[in-house]
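Reproduced below: data33.tsv, with TSV, C-alpha atoms.
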chain	number	residue	atom	x	y	z
A	1	MET	CA	38.44	93.02	154.46
A	2	SER	CA	38.16	94.51	157.95
A	3	TYR	CA	36.77	97.97	158.56
A	4	ASP	CA	40.15	99.08	159.92
A	5	VAL	CA	41.85	98.23	156.62
A	6	ILE	CA	39.08	99.93	154.64
A	7	LEU	CA	39.46	103.09	156.73
A	8	ILE	CA	43.23	103.22	156.20
A	9	ALA	CA	42.78	102.56	152.48
A	10	LEU	CA	40.16	105.32	152.21
A	11	LEU	CA	42.67	107.90	153.43
A	12	GLY	CA	45.62	106.49	151.48
A	13	VAL	CA	44.05	105.93	148.05
A	14	PRO	CA	43.73	109.63	147.04
A	15	PHE	CA	47.33	110.44	148.01
A	16	VAL	CA	48.69	107.39	146.17
A	17	GLY	CA	46.60	108.33	143.14
A	18	SER	CA	47.93	111.89	143.31
A	19	LEU	CA	51.51	110.65	143.11
A	20	LEU	CA	50.75	108.17	140.33
A	21	THR	CA	49.07	110.87	138.24
A	22	LEU	CA	52.29	112.89	138.21
A	23	VAL	CA	54.30	110.10	136.55
A	24	ILE	CA	51.93	109.76	133.58
A	25	PRO	CA	53.43	111.25	130.40
A	26	ARG	CA	52.32	114.83	129.92
A	27	ASN	CA	48.95	115.52	128.25
A	28	VAL	CA	47.89	111.90	127.94
A	29	ARG	CA	44.38	113.27	128.40
A	30	ASN	CA	42.34	110.08	128.65
A	31	ALA	CA	44.85	108.23	130.83
A	32	GLU	CA	45.10	111.10	133.34
A	33	ALA	CA	41.35	111.47	133.62
A	34	LEU	CA	40.81	107.70	133.74
A	35	LEU	CA	43.29	107.22	136.58
A	36	ALA	CA	41.80	110.12	138.56
A	37	GLY	CA	38.31	108.75	137.96
A	38	ILE	CA	39.30	105.27	139.10
A	39	VAL	CA	40.88	106.66	142.27
A	40	ALA	CA	37.85	108.82	143.08
A	41	ALA	CA	35.49	105.90	142.37
A	42	ALA	CA	37.59	103.60	144.58
A	43	ALA	CA	37.42	106.12	147.43
A	44	LEU	CA	33.64	106.36	146.98
A	45	VAL	CA	33.28	102.57	147.07
A	46	LEU	CA	35.43	102.33	150.21
A	47	THR	CA	33.24	104.98	151.86
A	48	ILE	CA	30.09	103.04	151.00
A	49	LEU	CA	31.63	99.85	152.39
A	50	LEU	CA	32.02	101.57	155.77
A	51	TYR	CA	28.31	102.34	156.03
A	52	PRO	CA	27.28	99.16	157.90
A	53	ALA	CA	29.82	99.95	160.62
A	54	VAL	CA	28.41	103.41	161.35
A	55	SER	CA	24.73	103.07	160.39
A	56	ASP	CA	23.66	102.05	163.91
A	57	GLY	CA	25.66	104.77	165.66
A	58	GLY	CA	28.91	102.82	165.71
A	59	THR	CA	32.44	104.15	165.29
A	60	VAL	CA	35.45	102.67	163.50
A	61	ARG	CA	38.77	103.74	165.00
A	62	VAL	CA	42.37	102.95	164.05
A	63	ASP	CA	45.31	103.99	166.26
A	64	LEU	CA	48.83	104.13	164.81
A	65	SER	CA	51.88	105.10	166.87
A	66	TRP	CA	53.29	108.51	165.91
A	67	MET	CA	55.01	110.41	168.76
A	68	PRO	CA	54.49	108.30	171.90
A	69	SER	CA	56.80	110.53	173.97
A	70	LEU	CA	54.43	113.47	173.36
A	71	GLY	CA	51.29	111.39	173.70
A	72	LEU	CA	50.45	111.86	170.00
A	73	ASP	CA	49.21	109.05	167.79
A	74	ILE	CA	47.81	108.95	164.28
A	75	VAL	CA	44.14	108.27	164.90
A	76	LEU	CA	41.64	107.58	162.13
A	77	ARG	CA	38.06	107.75	163.31
A	78	ILE	CA	34.80	107.56	161.39
A	79	ASP	CA	31.29	107.82	162.76
A	80	GLY	CA	28.03	108.61	161.01
A	81	PHE	CA	28.79	112.33	160.77
A	82	ALA	CA	32.28	111.81	159.35
A	83	TRP	CA	30.87	109.19	156.98
A	84	LEU	CA	28.36	111.68	155.59
A	85	PHE	CA	31.13	114.17	154.83
A	86	SER	CA	33.31	111.41	153.35
A	87	LEU	CA	30.46	110.52	151.02
A	88	LEU	CA	30.17	114.18	150.00
A	89	ILE	CA	33.91	114.50	149.38
A	90	THR	CA	34.28	111.30	147.34
A	91	GLY	CA	30.92	111.43	145.54
A	92	VAL	CA	31.18	115.04	144.39
A	93	GLY	CA	34.88	114.49	143.72
A	94	LEU	CA	34.10	111.70	141.26
A	95	LEU	CA	31.52	113.86	139.45
A	96	VAL	CA	33.94	116.79	139.24
A	97	VAL	CA	36.72	114.58	137.85
A	98	ILE	CA	34.37	113.38	135.11
A	99	TYR	CA	33.33	116.95	134.37
A	100	ALA	CA	36.95	118.16	134.32
A	101	ARG	CA	37.81	115.55	131.67
A	102	TYR	CA	35.61	117.42	129.21
A	103	TYR	CA	36.07	120.95	130.55
A	104	MET	CA	39.86	121.27	130.69
A	105	SER	CA	41.77	122.07	127.52
A	106	PRO	CA	44.15	119.42	126.12
A	107	LYS	CA	46.81	122.16	126.20
A	108	ASP	CA	46.62	122.38	129.99
A	109	PRO	CA	49.03	120.27	132.10
A	110	LEU	CA	46.30	117.86	133.17
A	111	ALA	CA	48.55	115.55	135.16
A	112	ARG	CA	49.28	118.42	137.54
A	113	PHE	CA	45.60	119.36	137.71
A	114	PHE	CA	44.32	115.88	138.58
A	115	SER	CA	47.21	115.32	140.98
A	116	PHE	CA	46.27	118.46	142.92
A	117	MET	CA	42.58	117.49	142.87
A	118	LEU	CA	43.29	114.05	144.35
A	119	ALA	CA	45.67	115.52	146.92
A	120	PHE	CA	42.93	117.93	148.00
A	121	MET	CA	40.47	115.04	148.24
A	122	GLY	CA	42.92	113.20	150.48
A	123	ALA	CA	43.42	116.29	152.66
A	124	MET	CA	39.67	116.74	153.11
A	125	LEU	CA	39.24	113.07	153.98
A	126	GLY	CA	42.09	113.34	156.47
A	127	LEU	CA	40.36	116.30	158.06
A	128	VAL	CA	37.00	114.59	158.59
A	129	LEU	CA	38.59	111.26	159.60
A	130	SER	CA	41.01	112.69	162.17
A	131	GLY	CA	40.64	111.43	165.72
A	132	ASN	CA	43.43	113.62	167.07
A	133	LEU	CA	43.30	117.41	167.44
A	134	ILE	CA	46.81	118.11	166.16
A	135	GLN	CA	46.32	115.72	163.27
A	136	LEU	CA	43.08	117.53	162.41
A	137	VAL	CA	44.95	120.86	162.22
A	138	ILE	CA	47.63	119.34	159.96
A	139	PHE	CA	45.04	118.19	157.43
A	140	TRP	CA	43.18	121.49	157.87
A	141	GLU	CA	46.28	123.35	156.72
A	142	LEU	CA	46.93	120.81	153.97
A	143	THR	CA	43.54	121.69	152.47
A	144	SER	CA	44.66	125.33	152.41
A	145	VAL	CA	47.91	124.46	150.64
A	146	THR	CA	46.31	122.20	148.03
A	147	SER	CA	43.52	124.72	147.41
A	148	PHE	CA	46.22	127.37	146.83
A	149	LEU	CA	47.78	125.14	144.18
A	150	LEU	CA	44.41	124.59	142.50
A	151	ILE	CA	43.30	128.22	142.58
A	152	SER	CA	46.63	129.29	141.07
A	153	TYR	CA	46.54	126.50	138.46
A	154	TRP	CA	46.35	129.09	135.66
A	155	TYR	CA	49.29	130.94	137.21
A	156	HIS	CA	49.87	132.97	134.03
A	157	LYS	CA	46.72	134.95	134.93
A	158	PRO	CA	47.26	137.74	137.51
A	159	GLN	CA	43.75	137.28	138.97
A	160	SER	CA	44.47	133.59	139.61
A	161	ARG	CA	47.70	134.38	141.43
A	162	ASP	CA	46.09	137.15	143.47
A	163	GLY	CA	43.06	135.02	144.35
A	164	ALA	CA	45.23	132.10	145.42
A	165	ARG	CA	47.46	134.33	147.52
A	166	THR	CA	44.51	135.94	149.29
A	167	ALA	CA	42.88	132.58	149.98
A	168	LEU	CA	46.11	131.15	151.39
A	169	ILE	CA	46.73	134.12	153.67
A	170	ILE	CA	43.20	134.20	155.09
A	171	THR	CA	42.78	130.44	155.53
A	172	GLY	CA	46.38	130.08	156.72
A	173	LEU	CA	45.88	132.64	159.48
A	174	GLY	CA	42.63	130.90	160.40
A	175	GLY	CA	44.51	127.63	160.56
A	176	PHE	CA	47.04	129.14	162.96
A	177	ALA	CA	44.19	130.35	165.18
A	178	LEU	CA	42.72	126.86	165.07
A	179	LEU	CA	46.05	125.34	166.11
A	180	VAL	CA	46.22	127.58	169.17
A	181	ALA	CA	42.59	126.70	169.98
A	182	MET	CA	43.37	122.98	169.79
A	183	LEU	CA	46.44	123.41	172.01
A	184	ILE	CA	44.31	125.21	174.59
A	185	ILE	CA	41.57	122.56	174.45
A	186	GLY	CA	44.17	119.82	174.75
A	187	HIS	CA	45.67	121.62	177.74
A	188	ILE	CA	42.26	121.93	179.43
A	189	VAL	CA	41.32	118.29	178.87
A	190	GLY	CA	44.79	116.83	179.27
A	191	SER	CA	44.54	114.92	175.99
A	192	TYR	CA	44.44	115.60	172.26
A	193	ASP	CA	42.31	112.53	171.59
A	194	LEU	CA	39.01	113.54	170.00
A	195	ASP	CA	36.95	110.98	171.90
A	196	VAL	CA	38.33	112.23	175.21
A	197	VAL	CA	37.67	115.85	174.22
A	198	LEU	CA	34.09	115.15	173.14
A	199	ALA	CA	33.41	113.62	176.55
A	200	SER	CA	34.73	116.70	178.41
A	201	GLY	CA	32.15	119.33	177.56
A	202	GLU	CA	31.51	120.67	181.07
A	203	LEU	CA	35.23	120.77	181.86
A	204	ILE	CA	35.88	122.93	178.78
A	205	ARG	CA	32.87	125.25	179.08
A	206	TYR	CA	33.57	126.13	182.73
A	207	HIS	CA	37.30	126.66	182.28
A	208	PRO	CA	38.70	130.24	182.36
A	209	LEU	CA	40.27	129.71	178.92
A	210	TYR	CA	36.98	128.66	177.31
A	211	LEU	CA	36.24	132.03	175.68
A	212	THR	CA	39.75	132.28	174.25
A	213	ALA	CA	39.55	128.76	172.80
A	214	LEU	CA	36.05	129.46	171.43
A	215	ILE	CA	37.05	132.66	169.62
A	216	LEU	CA	40.14	131.05	168.09
A	217	LEU	CA	38.19	127.98	166.99
A	218	LEU	CA	35.49	130.13	165.40
A	219	LEU	CA	38.15	132.19	163.63
A	220	GLY	CA	39.38	128.99	162.00
A	221	ALA	CA	35.88	127.98	160.98
A	222	PHE	CA	34.82	131.42	159.72
A	223	THR	CA	37.93	131.97	157.59
A	224	LYS	CA	37.68	128.57	155.93
A	225	SER	CA	33.96	128.95	155.21
A	226	ALA	CA	34.30	132.54	153.98
A	227	GLN	CA	32.05	134.00	156.67
A	228	PHE	CA	31.87	137.73	157.38
A	229	PRO	CA	34.24	139.54	157.82
A	230	PHE	CA	36.54	137.05	156.06
A	231	HIS	CA	34.23	136.51	153.08
A	232	PHE	CA	36.18	138.49	150.48
A	233	TRP	CA	38.62	135.71	149.58
A	234	LEU	CA	35.96	133.43	148.09
A	235	PRO	CA	34.86	135.62	145.13
A	236	GLN	CA	38.52	136.22	144.27
A	237	ALA	CA	39.20	132.47	144.34
A	238	MET	CA	36.63	131.97	141.57
A	239	ALA	CA	39.40	132.82	139.10
A	240	ALA	CA	40.26	129.12	139.34
A	241	PRO	CA	39.05	126.64	136.68
A	242	THR	CA	35.35	125.89	137.00
A	243	PRO	CA	35.86	122.28	138.25
A	244	VAL	CA	37.97	123.70	141.09
A	245	SER	CA	35.28	126.23	141.98
A	246	ALA	CA	32.63	123.52	141.89
A	247	TYR	CA	34.58	121.11	144.10
A	248	LEU	CA	36.42	123.36	146.56
A	249	HIS	CA	34.35	126.48	146.87
A	250	SER	CA	30.86	125.12	146.53
A	251	ALA	CA	30.91	121.52	147.75
A	252	THR	CA	33.77	120.69	150.09
A	253	MET	CA	36.40	123.15	151.32
A	254	VAL	CA	33.96	125.81	152.54
A	255	LYS	CA	32.04	123.02	154.31
A	256	ALA	CA	35.12	122.33	156.45
A	257	GLY	CA	34.09	125.20	158.72
A	258	VAL	CA	30.61	123.70	159.03
A	259	PHE	CA	32.17	120.34	159.88
A	260	LEU	CA	34.34	121.94	162.56
A	261	LEU	CA	31.41	123.72	164.22
A	262	VAL	CA	29.24	120.60	164.29
A	263	ARG	CA	32.08	118.33	165.41
A	264	PHE	CA	32.88	120.52	168.42
A	265	TRP	CA	29.29	121.53	169.12
A	266	PRO	CA	28.93	119.00	172.02
A	267	VAL	CA	31.76	120.65	173.95
A	268	MET	CA	31.81	124.30	172.80
A	269	ALA	CA	28.11	125.13	172.32
A	270	GLY	CA	25.39	125.81	174.86
A	271	THR	CA	26.79	129.15	176.09
A	272	ASP	CA	25.76	132.76	175.43
A	273	GLU	CA	29.12	133.44	173.83
A	274	TRP	CA	28.65	130.64	171.29
A	275	PHE	CA	25.08	131.70	170.53
A	276	TRP	CA	25.76	135.39	169.92
A	277	ILE	CA	29.01	135.04	167.99
A	278	VAL	CA	27.84	132.23	165.69
A	279	CYS	CA	24.33	133.60	165.11
A	280	THR	CA	25.48	137.18	164.51
A	281	CYS	CA	28.22	136.17	162.08
A	282	GLY	CA	25.91	133.69	160.32
A	283	ALA	CA	23.02	136.14	159.98
A	284	VAL	CA	25.22	138.95	158.63
A	285	THR	CA	26.92	136.62	156.15
A	286	MET	CA	23.60	135.16	155.00
A	287	VAL	CA	22.08	138.56	154.26
A	288	LEU	CA	25.26	140.07	152.83
A	289	GLY	CA	25.91	137.10	150.55
A	290	ALA	CA	22.35	136.96	149.26
A	291	PHE	CA	22.28	140.73	148.65
A	292	ALA	CA	25.61	140.73	146.80
A	293	ALA	CA	24.61	137.74	144.66
A	294	ILE	CA	21.68	139.71	143.24
A	295	PHE	CA	24.02	142.14	141.49
A	296	GLN	CA	26.45	139.60	140.01
A	297	ARG	CA	26.54	139.30	136.23
A	298	ASP	CA	28.95	136.38	136.23
A	299	LEU	CA	27.79	132.89	137.18
A	300	LYS	CA	30.90	132.30	139.27
A	301	GLY	CA	30.15	135.46	141.22
A	302	VAL	CA	26.63	134.24	141.88
A	303	LEU	CA	28.05	130.88	142.98
A	304	ALA	CA	30.56	132.54	145.31
A	305	TYR	CA	28.12	134.81	147.12
A	306	SER	CA	25.29	132.26	147.26
A	307	THR	CA	27.76	129.76	148.74
A	308	MET	CA	28.63	132.30	151.45
A	309	SER	CA	24.95	132.81	152.16

Would you put the structure from the file into structure tokens?
Amino acid sequence: MSYDVILIALLGVPFVGSLLTLVIPRNVRNAEALLAGIVAAAALVLTILLYPAVSDGGTVRVDLSWMPSLGLDIVLRIDGFAWLFSLLITGVGLLVVIYARYYMSPKDPLARFFSFMLAFMGAMLGLVLSGNLIQLVIFWELTSVTSFLLISYWYHKPQSRDGARTALIITGLGGFALLVAMLIIGHIVGSYDLDVVLASGELIRYHPLYLTALILLLLGAFTKSAQFPFHFWLPQAMAAPTPVSAYLHSATMVKAGVFLLVRFWPVMAGTDEWFWIVCTCGAVTMVLGAFAAIFQRDLKGVLAYSTMS
């Protein structure tokens, strides 16, 4: 099997598994968990199979025609950095699926739960594997939508509904800011292809629109990673089931902001504006999160604030 096929399968498997989980008869507990576990394990294996292609600094790239008239293609791209995040997403995802099998009550609609979990896994993989700026924003927003569905899973609880609504508003607005940032960067470079953008650092940093693009990009990253002053949505989101909190809010979703900063570091960093905004926000969040965690009497509260920190 070629690396191109493996890369396409890696992105497709979680979404296919999400759809298949929905057609399983309701509350067939073992079957739902088994299917979700098989899908997560398959994604993990596919990720591991891609290691030889990226271990020496190589990149696997697949281009599929999408909107040729607009110069937009579906581009899947994995390098060593994206592979590391893919391993985190699939590896922790498999562990959380196993844990959820024993945590969730048989009375809960488990098909819906595992379907949302796999859809979120697919959205996160799409985010880290995107080789096109607009495509990256689409998956970025898809993680917000699927996280909303997971946080509000126990929708009969007011705190779950409120937490999900707050998370969706904050991360959704951050996603809109990120979209505008990507449009500006694409305008500066003349292309939305990630490889072209990453090779245009000086062009972006010396452009008059650099500061605008930087602020909007950082807004997207800070809202998703619950950084000050957008940190308040994360503790509220802990009303979700514990497997959701463990997967989204401790291991993967909040790391999307970290991924974004590191991915665009070659072209956006190296300026005073980057240094002062990122360091100030990071330092304040670190101290604030650690201080607030001291006074939490609930383990989820400790998890939320320590994750921020």

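Among the candidates A:Glu273, A:Ala177, A:Gly91, A:Arg205, the residue lying nearest to Ile48 (chain A) is A:Gly91 (atoms considered: only C-alpha atoms).
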
(message) Please list, as a PyMOL selection string, the residues that have an atom at most 10 Å away from (37.4, 118.0, 180.5) in the coordinates of this file, counting all atoms listed in the file.
(response) chain A and resi 185-191+196-207+267

Can you pull out the residues contacting region 274-284 of chain A? Cut-off 8 Å, using only C-alpha atoms, and skip same-chain residues under 4 positions away; I want them as a list of chain:residue names.
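Everything that qualifies: A:Leu214, A:Leu218, A:Gln227, A:Phe228, A:Met268, A:Ala269, A:Gly270, A:Leu288.
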
Pick from A:Val287, A:Leu11, A:Ala53, A:Ala43: nearest to Leu127 (chain A), with all atoms listed in the file counted?
->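 Comparing A:Val287, A:Leu11, A:Ala53, A:Ala43 against Leu127 (chain A), the winner is A:Leu11.
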
Problem set entry | Expected answer as a VMD selection string: all residues with atoms within 9 Å of (32.0, 136.0, 141.4), only C-alpha atoms | chain A and resid 234 to 239 293 296 to 305

**Message:** I'd like to know which of A:Val23, A:Leu216, A:Leu260, A:Ala167 is closest to Ser130 (chain A), using all atoms listed in the file.
**Reply:**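 Going through A:Val23, A:Leu216, A:Leu260, A:Ala167 one by one, the smallest distance to Ser130 (chain A) is for A:Leu260.
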
At most 9 Å is the cut-off: for each residue in region 80-142 of chain A with any atom that close to an atom of region 152-162 of chain A, write down the nearest atom pair and the distance in Å rounded to one decimal, counting only C-alpha atoms, chain first then increasing number, as CSV.
residue,atom,partner,partner_atom,distance
A:Asp108,CA,A:Trp154,CA,8.8
A:Arg112,CA,A:Tyr153,CA,8.6
A:Phe113,CA,A:Tyr153,CA,7.2

(request) Find the distance between CA of Gly220 (chain A) and CA of Ala119 (chain A) and write it in Å to one decimal. (result)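 So the answer is 21.2 Å.
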
Which residue of A:Pro109, A:Pro68, A:Gly58, A:Gly122 approaches Ala40 (chain A) most closely, using only C-alpha atoms: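 Checking each candidate against Ala40 (chain A), we get A:Gly122 as the closest.
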
* Asked: Any idea what the distance is between CA of Thr242 (chain A) and CA of Ala111 (chain A)?
  ->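 Separating CA of Thr242 (chain A) from CA of Ala111 (chain A) is a distance of 16.9 Å.
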
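Going from CA of Leu133 (chain A) to CA of Tyr192 (chain A) covers 5.3 Å.
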
Out of A:Arg77, A:Lys107, A:Arg263, A:Arg165, which residue has the shortest atom-to-atom distance to Leu217 (chain A) when counting all atoms listed in the file?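 Of the candidates, the smallest distance to Leu217 (chain A) is held by A:Arg263.
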
**OP:** Would you kindly return, as number ranges by chain, each protein, DNA or RNA residue with an atom no farther than 10 Å from any atom of Leu136 (chain A), considering all atoms listed in the file and excluding same-chain residues fewer than 6 positions away?
**Re:** A: 74-75, 123-124, 126-130, 142, 178-179, 182, 194, 260

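Counting all atoms listed in the file, Gly80 (chain A) has the following residues at most 10 Å away, ignoring those fewer than 4 positions along the same chain: Leu50, Tyr51, Pro52, Ala53, Val54, Ser55, Asp56, Gly57, Gly58, Thr59, Val60, Leu84, Phe85 and Ser86 of chain A.
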
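Minimum atom-to-atom distance to Gly257 (chain A), evaluated using only C-alpha atoms, belongs to A:Trp140 out of A:Phe232, A:Phe116, A:Phe148, A:Trp140.
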